[in-house]
$ cat structure-v2.pdb   # PDB, C-alpha atoms, pLDDT in the B column
ATOM      1  CA  MET A   1       0.000   0.000   0.000  1.00 71.00           C
ATOM      2  CA  GLN A   2       2.837   2.398   0.793  1.00 77.00           C
ATOM      3  CA  LYS A   3       4.470   1.610  -2.528  1.00 71.00           C
ATOM      4  CA  LEU A   4       1.248   2.499  -4.375  1.00 63.00           C
ATOM      5  CA  ALA A   5       0.991   5.794  -2.481  1.00 59.00           C
ATOM      6  CA  LEU A   6       4.613   6.623  -3.322  1.00 60.00           C
ATOM      7  CA  VAL A   7       4.130   5.835  -7.018  1.00 62.00           C
ATOM      8  CA  THR A   8       0.941   7.913  -7.120  1.00 65.00           C
ATOM      9  CA  ALA A   9       2.631  10.887  -5.434  1.00 60.00           C
ATOM     10  CA  LEU A  10       5.601  10.664  -7.793  1.00 59.00           C
ATOM     11  CA  ALA A  11       3.343  10.525 -10.849  1.00 57.00           C
ATOM     12  CA  ALA A  12       1.387  13.546  -9.603  1.00 59.00           C
ATOM     13  CA  ALA A  13       4.619  15.465  -8.980  1.00 60.00           C
ATOM     14  CA  ILE A  14       5.654  14.867 -12.586  1.00 65.00           C
ATOM     15  CA  VAL A  15       2.319  15.192 -14.403  1.00 47.00           C
ATOM     16  CA  VAL A  16       0.761  18.210 -12.635  1.00 47.00           C
ATOM     17  CA  PRO A  17       3.510  20.764 -13.487  1.00 52.00           C
ATOM     18  CA  ILE A  18       3.593  19.587 -17.097  1.00 46.00           C
ATOM     19  CA  VAL A  19      -0.174  19.954 -17.471  1.00 41.00           C
ATOM     20  CA  LEU A  20      -0.206  23.376 -15.811  1.00 40.00           C
ATOM     21  CA  SER A  21       2.626  24.770 -17.922  1.00 41.00           C
ATOM     22  CA  ALA A  22       1.137  23.477 -21.169  1.00 39.00           C
ATOM     23  CA  SER A  23      -2.292  24.926 -20.450  1.00 37.00           C
ATOM     24  CA  SER A  24      -0.977  28.337 -19.344  1.00 38.00           C
ATOM     25  CA  ALA A  25       1.236  28.696 -22.419  1.00 40.00           C
ATOM     26  CA  GLN A  26      -1.693  28.291 -24.799  1.00 42.00           C
ATOM     27  CA  ALA A  27      -4.409  30.055 -22.773  1.00 45.00           C
ATOM     28  CA  ALA A  28      -7.151  29.358 -25.304  1.00 46.00           C
ATOM     29  CA  GLY A  29      -5.623  31.431 -28.117  1.00 58.00           C
ATOM     30  CA  ARG A  30      -5.026  34.549 -26.032  1.00 70.00           C
ATOM     31  CA  LEU A  31      -1.672  36.280 -25.883  1.00 71.00           C
ATOM     32  CA  VAL A  32       0.362  35.142 -22.881  1.00 70.00           C
ATOM     33  CA  TRP A  33       3.271  37.294 -21.719  1.00 74.00           C
ATOM     34  CA  GLY A  34       6.440  35.736 -20.376  1.00 64.00           C
ATOM     35  CA  ASP A  35       6.363  32.579 -22.489  1.00 73.00           C
ATOM     36  CA  ARG A  36       9.812  33.284 -24.028  1.00 80.00           C
ATOM     37  CA  ASP A  37       8.815  33.558 -27.657  1.00 89.00           C
ATOM     38  CA  PHE A  38       8.878  36.489 -30.080  1.00 94.00           C
ATOM     39  CA  GLU A  39       6.171  38.988 -31.027  1.00 94.00           C
ATOM     40  CA  ILE A  40       5.947  41.725 -33.618  1.00 95.00           C
ATOM     41  CA  ILE A  41       4.956  44.975 -31.905  1.00 95.00           C
ATOM     42  CA  ARG A  42       3.597  47.896 -33.958  1.00 95.00           C
ATOM     43  CA  TRP A  43       4.053  51.296 -32.368  1.00 94.00           C
ATOM     44  CA  SER A  44       1.496  54.069 -32.884  1.00 92.00           C
ATOM     45  CA  TYR A  45       3.751  55.861 -35.411  1.00 91.00           C
ATOM     46  CA  GLY A  46       3.898  52.783 -37.686  1.00 88.00           C
ATOM     47  CA  ASP A  47       7.307  51.369 -36.790  1.00 93.00           C
ATOM     48  CA  CYS A  48       7.378  47.661 -35.951  1.00 95.00           C
ATOM     49  CA  LYS A  49       9.878  45.866 -33.760  1.00 95.00           C
ATOM     50  CA  ILE A  50      10.614  42.289 -32.799  1.00 95.00           C
ATOM     51  CA  TRP A  51       9.902  41.845 -29.089  1.00 93.00           C
ATOM     52  CA  PHE A  52      11.445  38.946 -27.179  1.00 91.00           C
ATOM     53  CA  ASP A  53       8.805  38.020 -24.670  1.00 86.00           C
ATOM     54  CA  ASP A  54      10.777  36.917 -21.655  1.00 83.00           C
ATOM     55  CA  ASN A  55       9.560  39.445 -19.129  1.00 78.00           C
ATOM     56  CA  GLY A  56       6.249  40.860 -20.281  1.00 83.00           C
ATOM     57  CA  PRO A  57       4.903  43.493 -22.642  1.00 85.00           C
ATOM     58  CA  PRO A  58       6.327  46.920 -23.465  1.00 87.00           C
ATOM     59  CA  TRP A  59       5.544  49.677 -20.995  1.00 89.00           C
ATOM     60  CA  GLY A  60       2.903  52.280 -21.653  1.00 88.00           C
ATOM     61  CA  ASP A  61       0.389  52.411 -24.451  1.00 90.00           C
ATOM     62  CA  GLY A  62       0.514  53.230 -28.141  1.00 93.00           C
ATOM     63  CA  TRP A  63       1.466  49.746 -29.293  1.00 94.00           C
ATOM     64  CA  ARG A  64      -0.259  46.553 -30.365  1.00 94.00           C
ATOM     65  CA  VAL A  65       0.774  43.008 -31.155  1.00 94.00           C
ATOM     66  CA  LEU A  66       0.584  42.118 -34.847  1.00 94.00           C
ATOM     67  CA  ALA A  67       2.077  38.613 -34.631  1.00 93.00           C
ATOM     68  CA  ASP A  68       2.735  36.375 -31.657  1.00 91.00           C
ATOM     69  CA  ARG A  69       4.019  32.906 -30.790  1.00 91.00           C
ATOM     70  CA  LEU A  70       6.972  33.163 -33.164  1.00 94.00           C
ATOM     71  CA  PRO A  71       9.417  30.529 -31.871  1.00 94.00           C
ATOM     72  CA  THR A  72      12.723  31.931 -33.207  1.00 95.00           C
ATOM     73  CA  TRP A  73      14.323  35.234 -34.167  1.00 96.00           C
ATOM     74  CA  ASP A  74      14.463  34.068 -37.795  1.00 97.00           C
ATOM     75  CA  ALA A  75      10.720  33.365 -37.832  1.00 96.00           C
ATOM     76  CA  ALA A  76      10.075  36.799 -36.313  1.00 97.00           C
ATOM     77  CA  TRP A  77      12.366  38.471 -38.865  1.00 97.00           C
ATOM     78  CA  ALA A  78      10.583  36.732 -41.742  1.00 97.00           C
ATOM     79  CA  ARG A  79       7.181  37.838 -40.393  1.00 97.00           C
ATOM     80  CA  LEU A  80       8.427  41.417 -39.926  1.00 96.00           C
ATOM     81  CA  ARG A  81       9.672  41.535 -43.534  1.00 97.00           C
ATOM     82  CA  TRP A  82       6.309  40.112 -44.689  1.00 97.00           C
ATOM     83  CA  LEU A  83       4.419  42.831 -42.783  1.00 96.00           C
ATOM     84  CA  GLN A  84       6.719  45.525 -44.192  1.00 95.00           C
ATOM     85  CA  ALA A  85       6.236  44.266 -47.757  1.00 95.00           C
ATOM     86  CA  ARG A  86       2.464  44.656 -47.382  1.00 95.00           C
ATOM     87  CA  GLY A  87       2.693  48.169 -45.938  1.00 94.00           C
ATOM     88  CA  ILE A  88       1.402  47.154 -42.505  1.00 93.00           C
ATOM     89  CA  CYS A  89       4.716  48.183 -40.911  1.00 93.00           C
ATOM     90  CA  ALA A  90       6.988  51.028 -41.928  1.00 90.00           C
ATOM     91  CA  PRO A  91      10.083  49.859 -43.834  1.00 85.00           C
ATOM     92  CA  SER A  92      13.279  49.822 -41.808  1.00 72.00           C
TER
END
$ encode --input "structure-v2.pdb" --output "structure tokens"
Amino acid sequence: MQKLALVTALAAAIVVPIVLSASSAQAAGRLVWGDRDFEIIRWSYGDCKIWFDDNGPPWGDGWRVLADRLPTWDAAWARLRWLQARGICAPS
């Protein structure tokens, strides 16, 4: 009986953090800050920047997220160039 309790506790210690981290990273399609990916931020004057999301959003207002959940810098750069080519972001 003690062995079963130990195995159950160990399984819970492994499974619960994995389930919680996976569900908080997705958050039903909403933007989640601090998930260590890249976003494209468009400032109110039309300039767009790549934002590494390791510690939250930019301060203040006058910005909005155009693209999120970009896993690498290269993916973010490609998306930024795509947005610039379509006139959504000012060319750099």
$ resolve_selection --input "structure-v2.pdb" --expression "the PyMOL selection byres ((chain A and resi 36) around 6)" --output "PDB file with C-alpha atoms, in the coordinates of the input"
ATOM      1  CA  GLY A  34       6.440  35.736 -20.376  1.00 64.00           C
ATOM      2  CA  ASP A  35       6.363  32.579 -22.489  1.00 73.00           C
ATOM      3  CA  ASP A  37       8.815  33.558 -27.657  1.00 89.00           C
ATOM      4  CA  ASP A  53       8.805  38.020 -24.670  1.00 86.00           C
ATOM      5  CA  ASP A  54      10.777  36.917 -21.655  1.00 83.00           C
TER       6      ASP A  54
END
$ resolve_selection --input "structure-v2.pdb" --expression "the PyMOL selection byres ((chain A and resi 83) around 12)" --output "count of residues only"
26
$ atom_distance --input "structure-v2.pdb" --atom1 "atom CA of A:Trp51" --atom2 "atom CA of A:Glu39"
5.1 Å
$ atom_distance --input "structure-v2.pdb" --atom1 "atom CA of A:Asp74" --atom2 "atom CA of A:Asp61"
26.7 Å
$ closest_residue --input "structure-v2.pdb" --among "A:Lys3, A:Arg64, A:Thr72, A:Phe38" --to "A:Phe52" --atoms "all atoms listed in the file"
A:Phe38
$ atom_distance --input "structure-v2.pdb" --atom1 "atom CA of A:Gly62" --atom2 "atom CA of A:Trp43"
5.8 Å
$ build_atoms --input "structure-v2.pdb" --residues "stretch 67-88 of chain A" --atoms "N, CA, C and O atoms" --output "CSV table (one decimal), in the coordinates of the input"
chain,number,residue,atom,x,y,z
A,67,ALA,N,1.8,40.0,-34.5
A,67,ALA,CA,2.1,38.6,-34.6
A,67,ALA,C,2.7,38.1,-33.3
A,67,ALA,O,3.5,38.8,-32.7
A,68,ASP,N,2.2,36.9,-32.9
A,68,ASP,CA,2.7,36.4,-31.7
A,68,ASP,C,3.0,34.9,-31.8
A,68,ASP,O,2.8,34.3,-32.9
A,69,ARG,N,3.6,34.3,-30.8
A,69,ARG,CA,4.0,32.9,-30.8
A,69,ARG,C,5.0,32.6,-31.9
A,69,ARG,O,4.9,31.5,-32.5
A,70,LEU,N,5.9,33.5,-32.2
A,70,LEU,CA,7.0,33.2,-33.2
A,70,LEU,C,8.1,32.5,-32.4
A,70,LEU,O,8.7,33.1,-31.5
A,71,PRO,N,8.5,31.3,-32.7
A,71,PRO,CA,9.4,30.5,-31.9
A,71,PRO,C,10.9,31.0,-31.9
A,71,PRO,O,11.6,30.8,-31.0
A,72,THR,N,11.3,31.6,-33.1
A,72,THR,CA,12.7,31.9,-33.2
A,72,THR,C,12.8,33.3,-33.7
A,72,THR,O,11.9,33.9,-34.3
A,73,TRP,N,14.0,33.9,-33.6
A,73,TRP,CA,14.3,35.2,-34.2
A,73,TRP,C,14.1,35.2,-35.7
A,73,TRP,O,13.6,36.2,-36.3
A,74,ASP,N,14.6,34.2,-36.3
A,74,ASP,CA,14.5,34.1,-37.8
A,74,ASP,C,13.0,34.1,-38.2
A,74,ASP,O,12.6,34.7,-39.2
A,75,ALA,N,12.2,33.4,-37.5
A,75,ALA,CA,10.7,33.4,-37.8
A,75,ALA,C,10.1,34.8,-37.6
A,75,ALA,O,9.3,35.2,-38.4
A,76,ALA,N,10.6,35.4,-36.6
A,76,ALA,CA,10.1,36.8,-36.3
A,76,ALA,C,10.6,37.8,-37.4
A,76,ALA,O,9.8,38.6,-37.9
A,77,TRP,N,11.8,37.6,-37.8
A,77,TRP,CA,12.4,38.5,-38.9
A,77,TRP,C,11.6,38.3,-40.2
A,77,TRP,O,11.3,39.2,-40.9
A,78,ALA,N,11.3,37.0,-40.5
A,78,ALA,CA,10.6,36.7,-41.7
A,78,ALA,C,9.2,37.3,-41.7
A,78,ALA,O,8.7,37.9,-42.7
A,79,ARG,N,8.5,37.3,-40.5
A,79,ARG,CA,7.2,37.8,-40.4
A,79,ARG,C,7.2,39.4,-40.5
A,79,ARG,O,6.4,40.0,-41.1
A,80,LEU,N,8.3,40.0,-39.9
A,80,LEU,CA,8.4,41.4,-39.9
A,80,LEU,C,8.6,41.9,-41.4
A,80,LEU,O,8.0,42.8,-41.8
A,81,ARG,N,9.5,41.2,-42.1
A,81,ARG,CA,9.7,41.5,-43.5
A,81,ARG,C,8.4,41.4,-44.3
A,81,ARG,O,8.1,42.2,-45.2
A,82,TRP,N,7.6,40.3,-44.0
A,82,TRP,CA,6.3,40.1,-44.7
A,82,TRP,C,5.4,41.3,-44.4
A,82,TRP,O,4.7,41.8,-45.3
A,83,LEU,N,5.3,41.7,-43.2
A,83,LEU,CA,4.4,42.8,-42.8
A,83,LEU,C,4.9,44.1,-43.4
A,83,LEU,O,4.1,45.0,-43.9
A,84,GLN,N,6.2,44.3,-43.5
A,84,GLN,CA,6.7,45.5,-44.2
A,84,GLN,C,6.4,45.5,-45.7
A,84,GLN,O,6.1,46.6,-46.3
A,85,ALA,N,6.5,44.4,-46.3
A,85,ALA,CA,6.2,44.3,-47.8
A,85,ALA,C,4.8,44.6,-48.1
A,85,ALA,O,4.5,45.1,-49.2
A,86,ARG,N,3.9,44.4,-47.2
A,86,ARG,CA,2.5,44.7,-47.4
A,86,ARG,C,2.0,46.0,-46.9
A,86,ARG,O,0.9,46.4,-46.9
A,87,GLY,N,3.0,46.8,-46.4
A,87,GLY,CA,2.7,48.2,-45.9
A,87,GLY,C,2.0,48.2,-44.6
A,87,GLY,O,1.6,49.3,-44.2
A,88,ILE,N,2.0,47.2,-43.8
A,88,ILE,CA,1.4,47.2,-42.5
A,88,ILE,C,2.4,47.8,-41.5
A,88,ILE,O,2.0,48.5,-40.6
